[in-house]
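Asks: Provided below: start39.txt, containing compact mmCIF, C-alpha atoms and all ligand atoms.
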# COMPACT_ATOMS: atom_id res chain seq x y z
CA MET P 1 151.20 113.42 57.13
CA PRO P 2 150.31 112.07 60.58
CA GLY P 3 148.27 108.97 61.40
CA PHE P 4 146.14 108.02 64.39
CA GLU P 5 148.60 109.62 66.82
CA SER P 6 147.39 113.00 65.55
CA ILE P 7 143.91 112.37 67.00
CA ILE P 8 143.88 114.12 70.36
CA ASP P 9 142.46 112.64 73.57
CA GLN P 10 140.77 109.64 71.92
CA LYS P 11 143.02 106.85 73.14
CA ARG P 12 140.24 104.33 73.70
CA PRO P 13 138.51 104.71 70.29
CA ILE P 14 141.90 104.54 68.53
CA ARG P 15 142.89 101.46 70.52
CA ILE P 16 139.65 99.71 69.53
CA LEU P 17 140.10 100.60 65.86
CA THR P 18 143.77 99.65 65.65
CA THR P 19 142.97 96.35 67.39
CA CYS P 20 140.32 95.66 64.73
CA LEU P 21 142.90 96.44 62.01
CA ARG P 22 145.58 94.31 63.64
CA ASP P 23 143.26 91.34 64.06
CA GLY P 24 141.70 91.78 60.62
CA ASN P 25 138.37 91.69 62.41
CA ILE P 26 136.59 94.84 61.32
CA PRO P 27 132.84 95.15 62.01
CA HIS P 28 130.79 95.98 58.92
CA ALA P 29 129.14 98.90 60.69
CA LEU P 30 130.59 101.31 63.23
CA LEU P 31 128.90 104.15 65.05
CA PHE P 32 131.12 106.96 66.34
CA THR P 33 129.27 108.99 68.99
CA GLY P 34 130.23 112.18 70.80
CA ILE P 35 129.82 115.97 70.64
CA SER P 36 130.78 117.92 67.50
CA GLY P 37 134.38 118.85 66.85
CA ILE P 38 136.28 116.08 68.64
CA GLY P 39 137.72 114.14 65.71
CA LYS P 40 135.05 111.60 64.70
CA ARG P 41 135.20 112.42 60.99
CA THR P 42 138.98 112.76 60.95
CA THR P 43 139.24 109.35 62.60
CA ALA P 44 136.83 107.84 60.04
CA ARG P 45 138.99 109.23 57.22
CA LEU P 46 142.20 107.87 58.77
CA PHE P 47 140.50 104.53 59.33
CA SER P 48 139.44 104.39 55.67
CA LYS P 49 143.08 105.09 54.74
CA ALA P 50 144.36 102.38 57.07
CA CYS P 51 141.87 99.86 55.62
CA ASN P 52 143.20 100.53 52.13
CA CYS P 53 146.81 101.61 52.54
CA GLU P 54 148.88 99.72 49.98
CA ALA P 55 151.94 99.85 52.23
CA LEU P 56 150.02 98.28 55.10
CA SER P 57 148.36 95.53 53.08
CA SER P 58 151.62 94.48 51.44
CA ALA P 59 153.65 94.76 54.64
CA VAL P 60 154.18 92.03 57.18
CA SER P 61 151.45 91.90 59.79
CA ARG P 62 153.79 93.46 62.34
CA LYS P 63 153.27 96.81 60.68
CA ARG P 64 149.52 96.53 60.95
CA ILE P 65 149.86 96.60 64.72
CA ASP P 66 150.06 100.39 64.61
CA GLY P 67 147.50 100.58 61.82
CA ILE P 68 149.17 103.78 60.72
CA PRO P 69 148.52 104.47 57.04
CA CYS P 70 151.60 105.53 55.04
CA CYS P 71 149.80 108.57 53.58
CA ARG P 72 152.07 108.33 50.52
CA CYS P 73 150.72 105.42 48.48
CA ARG P 74 148.25 105.90 45.63
CA SER P 75 145.26 104.90 47.80
CA CYS P 76 146.22 107.21 50.70
CA ARG P 77 146.78 110.13 48.34
CA LYS P 78 143.45 109.58 46.59
CA ILE P 79 141.60 109.48 49.91
CA LYS P 80 143.37 112.62 51.09
CA SER P 81 142.36 114.53 47.97
CA GLY P 82 138.78 113.25 48.22
CA ASN P 83 139.09 111.53 44.82
CA HIS P 84 138.84 107.89 45.82
CA PRO P 85 135.72 106.40 44.16
CA ASP P 86 135.16 103.87 46.96
CA ILE P 87 135.51 106.22 49.91
CA ILE P 88 132.04 107.69 50.11
CA HIS P 89 130.91 110.48 52.39
CA ILE P 90 127.30 111.39 53.04
CA GLU P 91 126.21 114.36 55.11
CA PRO P 92 122.91 116.13 55.72
CA SER P 93 121.54 118.11 52.81
CA GLY P 94 120.12 121.12 54.60
CA ASN P 95 119.16 119.74 57.99
CA ILE P 96 118.36 116.16 57.08
CA ILE P 97 119.78 113.14 55.34
CA LYS P 98 117.17 112.38 52.71
CA ILE P 99 115.88 109.10 51.38
CA ALA P 100 117.25 109.98 47.90
CA GLN P 101 120.78 110.12 49.33
CA ILE P 102 120.41 106.66 50.87
CA ARG P 103 118.81 105.27 47.67
CA ASP P 104 121.80 106.53 45.66
CA LEU P 105 124.07 104.88 48.20
CA CYS P 106 122.17 101.57 47.95
CA HIS P 107 122.59 101.68 44.16
CA THR P 108 126.35 102.24 44.50
CA LEU P 109 126.65 99.48 47.11
CA SER P 110 124.85 97.00 44.83
CA MET P 111 127.96 97.11 42.64
CA LYS P 112 131.45 95.90 43.49
CA PRO P 113 133.99 98.47 44.71
CA TYR P 114 135.92 100.06 41.83
CA GLU P 115 139.37 99.57 43.24
CA ALA P 116 139.40 99.57 47.03
CA GLU P 117 140.27 96.60 49.16
CA THR P 118 137.64 97.89 51.59
CA ARG P 119 135.01 100.39 50.54
CA VAL P 120 134.25 102.82 53.38
CA VAL P 121 131.04 104.82 53.62
CA THR P 122 130.90 107.56 56.24
CA ILE P 123 127.49 108.99 57.09
CA SER P 124 128.03 112.13 59.15
CA GLU P 125 125.51 113.50 61.64
CA ALA P 126 123.40 110.37 61.32
CA GLN P 127 120.99 111.77 63.91
CA ASN P 128 119.65 113.73 60.94
CA LEU P 129 118.54 110.64 59.02
CA ASN P 130 114.80 110.99 58.56
CA LEU P 131 112.65 107.96 59.30
CA GLU P 132 112.43 106.84 55.66
CA ALA P 133 116.18 107.21 55.13
CA GLY P 134 116.89 105.44 58.42
CA ASN P 135 114.75 102.48 57.39
CA ALA P 136 116.43 102.31 53.98
CA LEU P 137 119.82 102.32 55.66
CA LEU P 138 118.67 99.58 58.01
CA LYS P 139 118.20 97.25 55.01
CA VAL P 140 121.84 97.84 54.04
CA LEU P 141 122.99 97.13 57.59
CA GLU P 142 120.94 93.95 57.73
CA GLU P 143 122.50 92.63 54.54
CA PRO P 144 125.91 94.27 54.47
CA PRO P 145 127.61 94.30 51.05
CA GLU P 146 130.97 92.54 50.82
CA HIS P 147 134.20 94.51 51.25
CA THR P 148 132.28 97.46 52.67
CA ILE P 149 132.37 99.21 56.05
CA ILE P 150 129.76 101.77 57.03
CA ILE P 151 130.70 104.35 59.65
CA LEU P 152 127.96 106.49 61.13
CA THR P 153 128.84 109.54 63.21
CA ALA P 154 126.29 111.03 65.61
CA LEU P 155 126.07 113.16 68.75
CA ASN P 156 124.54 110.22 70.63
CA THR P 157 122.26 107.27 70.03
CA ALA P 158 119.12 108.99 71.32
CA ASN P 159 117.90 110.25 67.95
CA LEU P 160 118.80 107.19 65.92
CA LEU P 161 116.53 104.26 65.17
CA PRO P 162 117.26 101.63 67.86
CA THR P 163 117.34 99.02 65.09
CA VAL P 164 120.12 100.98 63.34
CA VAL P 165 122.08 101.35 66.60
CA SER P 166 121.81 97.65 67.36
CA ARG P 167 123.39 96.78 63.99
CA CYS P 168 126.47 98.92 64.66
CA GLN P 169 129.39 98.67 67.03
CA GLU P 170 129.29 101.92 68.97
CA ILE P 171 132.57 103.66 69.76
CA ARG P 172 132.26 106.63 72.09
CA PHE P 173 134.48 109.67 71.59
CA GLY P 174 135.07 111.89 74.63
CA PRO P 175 135.49 115.67 74.92
CA ILE P 176 138.97 117.15 74.51
CA SER P 177 140.74 118.19 77.73
CA ARG P 178 141.10 121.88 78.52
CA LYS P 179 144.86 121.47 78.59
CA ASN P 180 144.98 120.13 75.05
CA LEU P 181 142.51 122.72 73.77
CA MET P 182 144.77 125.43 75.22
CA LYS P 183 147.78 123.86 73.52
CA LEU P 184 145.96 123.68 70.16
CA LEU P 185 144.85 127.30 70.43
CA HIS P 186 148.38 128.35 71.23
CA ASP P 187 150.04 126.22 68.54
CA GLU P 188 147.58 126.76 65.70
CA ARG P 189 146.19 130.22 66.35
CA GLY P 190 148.88 131.83 68.50
CA THR P 191 146.22 132.61 71.13
CA GLU P 192 147.59 134.18 74.33
CA THR P 193 147.51 131.94 77.41
CA GLU P 194 144.93 133.99 79.32
CA VAL P 195 142.48 134.07 76.39
CA ALA P 196 143.18 130.41 75.53
CA ARG P 197 142.28 129.44 79.09
CA ILE P 198 138.94 131.25 78.85
CA ILE P 199 138.10 129.74 75.45
CA ALA P 200 139.18 126.23 76.49
CA ALA P 201 136.85 126.42 79.49
CA MET P 202 133.91 127.59 77.38
CA ALA P 203 134.35 125.31 74.38
CA ASN P 204 133.02 122.30 76.31
CA GLY P 205 135.69 119.99 74.95
CA SER P 206 135.10 120.73 71.25
CA ILE P 207 138.04 121.59 68.99
CA SER P 208 135.85 123.14 66.28
CA LYS P 209 134.07 125.28 68.87
CA ALA P 210 137.36 126.44 70.42
CA MET P 211 138.75 127.34 66.99
CA ALA P 212 135.59 129.26 66.09
CA MET P 213 135.87 131.16 69.38
CA SER P 214 139.50 132.09 68.81
CA ASP P 215 138.73 134.88 66.37
CA ASP P 216 138.66 138.48 67.58
CA GLN P 217 134.94 138.78 66.93
CA TRP P 218 134.07 136.19 69.57
CA ILE P 219 136.41 137.71 72.15
CA ASN P 220 135.03 141.21 71.49
CA GLN P 221 131.46 139.92 71.80
CA ARG P 222 132.33 138.19 75.09
CA ASN P 223 134.02 141.32 76.46
CA TRP P 224 130.98 143.41 75.51
CA LEU P 225 128.59 140.90 77.09
CA ILE P 226 130.49 140.75 80.40
CA HIS P 227 130.66 144.52 80.54
CA GLU P 228 126.89 144.69 80.06
CA LEU P 229 126.33 142.04 82.76
CA GLU P 230 128.55 143.88 85.22
CA THR P 231 126.50 147.04 84.80
CA LEU P 232 123.10 145.35 84.54
CA GLU P 233 122.06 146.05 88.12
CA SER P 234 122.49 149.78 87.72
CA ARG P 235 120.03 149.85 84.83
CA THR P 236 116.36 150.74 84.93
CA ILE P 237 113.86 147.94 84.28
CA ARG P 238 113.35 149.38 80.81
CA GLY P 239 117.12 149.20 80.23
CA VAL P 240 117.18 145.55 81.36
CA MET P 241 114.31 144.73 78.98
CA ALA P 242 116.08 146.48 76.11
CA PHE P 243 119.20 144.38 76.78
CA ALA P 244 117.09 141.18 76.71
CA GLU P 245 115.52 142.25 73.44
CA GLN P 246 118.93 143.01 71.95
CA LEU P 247 120.18 139.52 72.86
CA SER P 248 117.06 137.81 71.53
CA SER P 249 117.59 139.29 68.06
CA ASN P 250 120.47 136.93 67.31
CA LYS P 251 119.26 133.39 67.91
CA ASP P 252 122.39 131.71 66.53
CA LYS P 253 124.58 133.39 69.14
CA LEU P 254 122.34 132.58 72.12
CA PRO P 255 124.01 129.27 73.09
CA ASP P 256 127.32 131.14 73.37
CA VAL P 257 125.70 134.07 75.18
CA LEU P 258 124.13 131.79 77.81
CA GLU P 259 127.42 129.92 78.26
CA VAL P 260 129.26 133.22 78.88
CA ILE P 261 126.61 134.23 81.44
CA LEU P 262 126.84 130.84 83.15
CA ILE P 263 130.63 130.95 83.48
CA TRP P 264 130.44 134.59 84.63
CA LEU P 265 128.10 133.53 87.45
CA ARG P 266 130.15 130.43 88.19
CA ASP P 267 133.20 132.64 88.72
CA ARG P 268 131.29 134.56 91.38
CA TRP P 269 130.74 131.28 93.13
CA MET P 270 134.36 130.23 92.72
CA VAL P 271 135.70 133.50 94.10
CA ARG P 272 134.53 132.33 97.54
CA MET P 273 135.15 128.60 97.15
CA ASP P 274 138.15 128.12 94.88
CA PRO P 275 139.61 131.40 93.55
CA GLU P 276 142.42 129.54 91.76
CA ASN P 277 139.82 128.16 89.35
CA ILE P 278 138.25 131.40 88.20
CA ILE P 279 137.92 131.25 84.41
CA ASN P 280 137.41 134.91 83.46
CA ILE P 281 140.77 135.67 84.97
CA ASP P 282 141.06 138.96 83.04
CA ARG P 283 137.92 140.22 84.84
CA ILE P 284 138.92 139.20 88.33
CA ASP P 285 138.52 142.71 89.76
CA GLY P 286 134.92 142.81 88.59
CA VAL P 287 134.31 139.32 89.96
CA GLN P 288 135.63 140.18 93.40
CA SER P 289 134.09 143.63 93.81
CA ASN P 290 130.63 143.11 92.27
CA TYR P 291 129.33 140.08 94.02
CA GLY P 292 130.88 140.07 97.45
CA ASN P 293 127.53 140.61 99.14
CA VAL P 294 125.29 138.36 97.09
CA PRO P 295 124.00 135.48 99.26
CA PRO P 296 125.03 132.02 97.95
CA SER P 297 121.39 130.94 97.68
CA SER P 298 120.67 133.87 95.36
CA LEU P 299 123.73 133.08 93.23
CA LEU P 300 122.70 129.43 92.93
CA SER P 301 119.21 130.45 91.93
CA LYS P 302 120.64 132.67 89.15
CA ILE P 303 122.85 129.81 87.91
CA THR P 304 119.81 127.51 87.84
CA ALA P 305 117.86 130.14 85.89
CA VAL P 306 120.58 130.22 83.19
CA GLN P 307 120.67 126.42 82.99
CA ARG P 308 116.90 126.39 82.62
CA ALA P 309 117.19 128.93 79.79
CA GLN P 310 119.80 126.71 78.09
CA MET P 311 117.35 123.81 78.14
CA LYS P 312 114.51 125.99 76.86
CA LEU P 313 116.69 127.03 73.94
CA GLN P 314 116.34 123.47 72.61
CA THR P 315 112.56 123.95 72.37
CA HIS P 316 110.47 126.38 70.33
CA THR P 317 110.28 128.93 73.08
CA ASN P 318 109.59 132.67 72.88
CA LEU P 319 113.20 133.85 73.07
CA ARG P 320 112.50 137.44 74.01
CA LEU P 321 110.20 136.45 76.85
CA MET P 322 112.69 133.85 78.06
CA LEU P 323 115.55 136.38 78.08
CA GLU P 324 113.44 139.04 79.77
CA ASN P 325 112.63 136.60 82.58
CA LEU P 326 116.26 135.58 82.85
CA MET P 327 117.58 139.17 83.00
CA LEU P 328 115.02 140.09 85.66
CA HIS P 329 116.19 137.07 87.65
CA LEU P 330 119.83 138.17 87.29
CA VAL P 331 119.21 141.66 88.65
CA LYS P 332 117.11 140.36 91.55
CA THR P 333 119.06 140.19 94.81
ZN ZN K 1 149.20 104.28 52.19
Translate the structure of the given file into structure tokens.
Replies:
Amino acid sequence: MPGFESIIDQKRPIRILTTCLRDGNIPHALLFTGISGIGKRTTARLFSKACNCEALSSAVSRKRIDGIPCCRCRSCRKIKSGNHPDIIHIEPSGNIIKIAQIRDLCHTLSMKPYEAETRVVTISEAQNLNLEAGNALLKVLEEPPEHTIIILTALNTANLLPTVVSRCQEIRFGPISRKNLMKLLHDERGTETEVARIIAAMANGSISKAMAMSDDQWINQRNWLIHELETLESRTIRGVMAFAEQLSSNKDKLPDVLEVILIWLRDRWMVRMDPENIINIDRIDGVQSNYGNVPPSSLLSKITAVQRAQMKLQTHTNLRLMLENLMLHLVKT
């Protein structure tokens, strides 16, 4: 089983972590930040293996330079199967991490580790710690238990208590390159190059998002949506409103829907500026024929309208009204 080299496009975070392992200078609290689906949790798991790998701890220090866990020893196998009593993982219950979860953790941390050289606690999606839970965790960070490392993962530091952030060493994880997303889609899902290119461009650097998009359902939905957009201008106002209503009925899919619309418009911009970089390459005929006469200022205004809708999606907005306004903007010349 692979070690840190299997983590894609995260050279800097891995270098920082392996340096900590090599020097035996591991901070008691780490904070991995970055968008979902880029390897933060996988890295935390590998790091917990490397901290406890029996082969590494008994080997000469030279071997620690790589920090690559053997993945065969008793400790590595237990961590892999999720059965190691000192490798603890906490994630939101529902949408939040509750005070009871942190209280249970505090109780566990008040005792010595069962068997690990270094107990590792990973708290995923720490932006979902509620205030009470965040404050309880702060007490642990202020008086860190011996032989214990706490790793928080979060999208960014904005929704964390500043006092929690200041107690952790932040390590930023970046988005995955389009090239590597395409390779993953090809290698793991057998996705055709043309489709992989479209998905890689729309996944915004997230492996989990790209994988979720690689099923037929997503592609079919995208094909349907683009077809509807291409024929939108020929509809009556009532038809445009009906389309907006149809889209508003599935809130979970709206982030994807708006992203497809944005890229579809972007391609109409690129067809004049940089045709080589058109993303919806399978729809190039539609891109070239439909929008040849749309003034650039109008196209830019439509793109801005979609971006505004994406921001509104984060708030408690009236979705149907928002989509109606957006669709009317899209059919306006
Ligand atoms: Zn091992």
Asks: Return as an MDAnalysis selection string the residues of protein, DNA or RNA that approach ligand ZN 1 (chain K) to within 8 Å, with all atoms listed in the file taken into account.
Replies: chainID P and resid 49:50 52:56 69:77
Asks: One decimal, Å: what's the distance from CA of Arg197 in chain P over to CA of Asp285 in chain P, could you say?
Replies: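 Computing the Euclidean distance for CA of Arg197 in chain P and CA of Asp285 in chain P yields 17.4 Å.
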Asks: Skipping near chain neighbours, those fewer than 3 positions away, what residues fall within 12 Å of Cys106 in chain P using all atoms listed in the file, listed as a PDB file with C-alpha atoms, in the coordinates of the input?
Replies:
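Output file around12.pdb is given in full below:
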ATOM      1  CA  ILE P  88     132.040 107.690  50.110  1.00  0.00           C
ATOM      2  CA  ILE P  99     115.880 109.100  51.380  1.00  0.00           C
ATOM      3  CA  ALA P 100     117.250 109.980  47.900  1.00  0.00           C
ATOM      4  CA  GLN P 101     120.780 110.120  49.330  1.00  0.00           C
ATOM      5  CA  ILE P 102     120.410 106.660  50.870  1.00  0.00           C
ATOM      6  CA  ARG P 103     118.810 105.270  47.670  1.00  0.00           C
ATOM      7  CA  LEU P 109     126.650  99.480  47.110  1.00  0.00           C
ATOM      8  CA  SER P 110     124.850  97.000  44.830  1.00  0.00           C
ATOM      9  CA  MET P 111     127.960  97.110  42.640  1.00  0.00           C
ATOM     10  CA  LYS P 112     131.450  95.900  43.490  1.00  0.00           C
ATOM     11  CA  VAL P 121     131.040 104.820  53.620  1.00  0.00           C
ATOM     12  CA  ALA P 133     116.180 107.210  55.130  1.00  0.00           C
ATOM     13  CA  ALA P 136     116.430 102.310  53.980  1.00  0.00           C
ATOM     14  CA  LEU P 137     119.820 102.320  55.660  1.00  0.00           C
ATOM     15  CA  LEU P 138     118.670  99.580  58.010  1.00  0.00           C
ATOM     16  CA  LYS P 139     118.200  97.250  55.010  1.00  0.00           C
ATOM     17  CA  VAL P 140     121.840  97.840  54.040  1.00  0.00           C
ATOM     18  CA  LEU P 141     122.990  97.130  57.590  1.00  0.00           C
ATOM     19  CA  GLU P 143     122.500  92.630  54.540  1.00  0.00           C
ATOM     20  CA  PRO P 144     125.910  94.270  54.470  1.00  0.00           C
ATOM     21  CA  PRO P 145     127.610  94.300  51.050  1.00  0.00           C
ATOM     22  CA  THR P 148     132.280  97.460  52.670  1.00  0.00           C
ATOM     23  CA  ILE P 150     129.760 101.770  57.030  1.00  0.00           C
TER      24      ILE P 150
END
Asks: For Lys11 in chain P, work out the shell of residues within 12 Å, counting all atoms listed in the file and skipping chain neighbours fewer than 3 positions away, then give it as a PyMOL selection string.
Replies: chain P and resi 4-8+14-19+39+43+171-176
Asks: Which one is closest to Asp282 in chain P: P:Lys332, P:Val195, P:Ser208, P:Trp218? Count all atoms listed in the file.
Replies: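 Between P:Lys332, P:Val195, P:Ser208, P:Trp218, the residue approaching Asp282 in chain P most closely is P:Val195.
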Asks: Find the residues around Ile35 in chain P up to 12 Å (all atoms listed in the file counted), leave out those fewer than 5 positions away in its own chain, and share them as a list in words.
Replies: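 Contacts, with the query itself left out: Lys40, Arg41, Glu125, Gln127, Thr153, Ala154, Leu155, Asn156, Thr157, Arg172, Phe173, Gly174, Pro175, Ile176, Ala203, Asn204, Gly205, Ser206, Ile207, Ser208 and Lys209 of chain P.
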Asks: Nearest to Leu152 in chain P among P:Ala244, P:Leu326, P:Leu129, P:Ala201, with distances taken over all atoms listed in the file: which residue is it?
Replies: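 Smallest separation from Leu152 in chain P among the options: P:Leu129.
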Asks: Considering all atoms listed in the file, return as a list of chain:residue names whatever protein or nucleic-acid residues lie within 8 Å of Cys168 in chain P, sequence-local ones (same chain, fewer than 6 positions apart) excluded.
Replies: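 My list of contacting residues is P:Pro27, P:His28, P:Ala29, P:Leu30, P:Leu31.
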Asks: So, counting all atoms listed in the file, which residue among P:Arg119, P:Arg283, P:Arg45, P:His84 is closest to Leu229 in chain P?
Replies: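 Of P:Arg119, P:Arg283, P:Arg45, P:His84, the one nearest Leu229 in chain P is P:Arg283, counting all atoms listed in the file.
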Asks: Mind listing whatever residues come within 7 Å of the point (112.0, 141.6, 75.9)? Use only C-alpha atoms, file coordinates, and give them as a PyMOL selection string.
Replies: chain P and resi 241-242+244-245+320-321+323-324
Asks: What is the CA of Glu170 in chain P to CA of Phe32 in chain P distance in Å?
Replies: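 Calculated distance between CA of Glu170 in chain P and CA of Phe32 in chain P is 6.0 Å.
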Asks: With 6 Å of padding per side, what axis-aligned box (centre and edge lengths, Å, one decimal) covers all the listed atoms of range 95-110 of chain P? Give it as lines of an AutoDock Vina configuration file.
Replies:
center_x = 121.3
center_y = 108.4
center_z = 51.1
size_x = 22.8
size_y = 34.7
size_z = 25.8
Asks: Please, what distance in Å, to one decimal, runs between CA of Asp215 in chain P and CA of Phe243 in chain P?
Replies: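 Pair CA of Asp215 in chain P / CA of Phe243 in chain P returns 24.1 Å.
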Asks: With distances taken over all atoms listed in the file, which of P:Leu232, P:Leu265, P:Leu161, P:Val257 is nearest to Leu328 in chain P?
Replies: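 Among the listed residues, the smallest separation from Leu328 in chain P belongs to P:Leu232.
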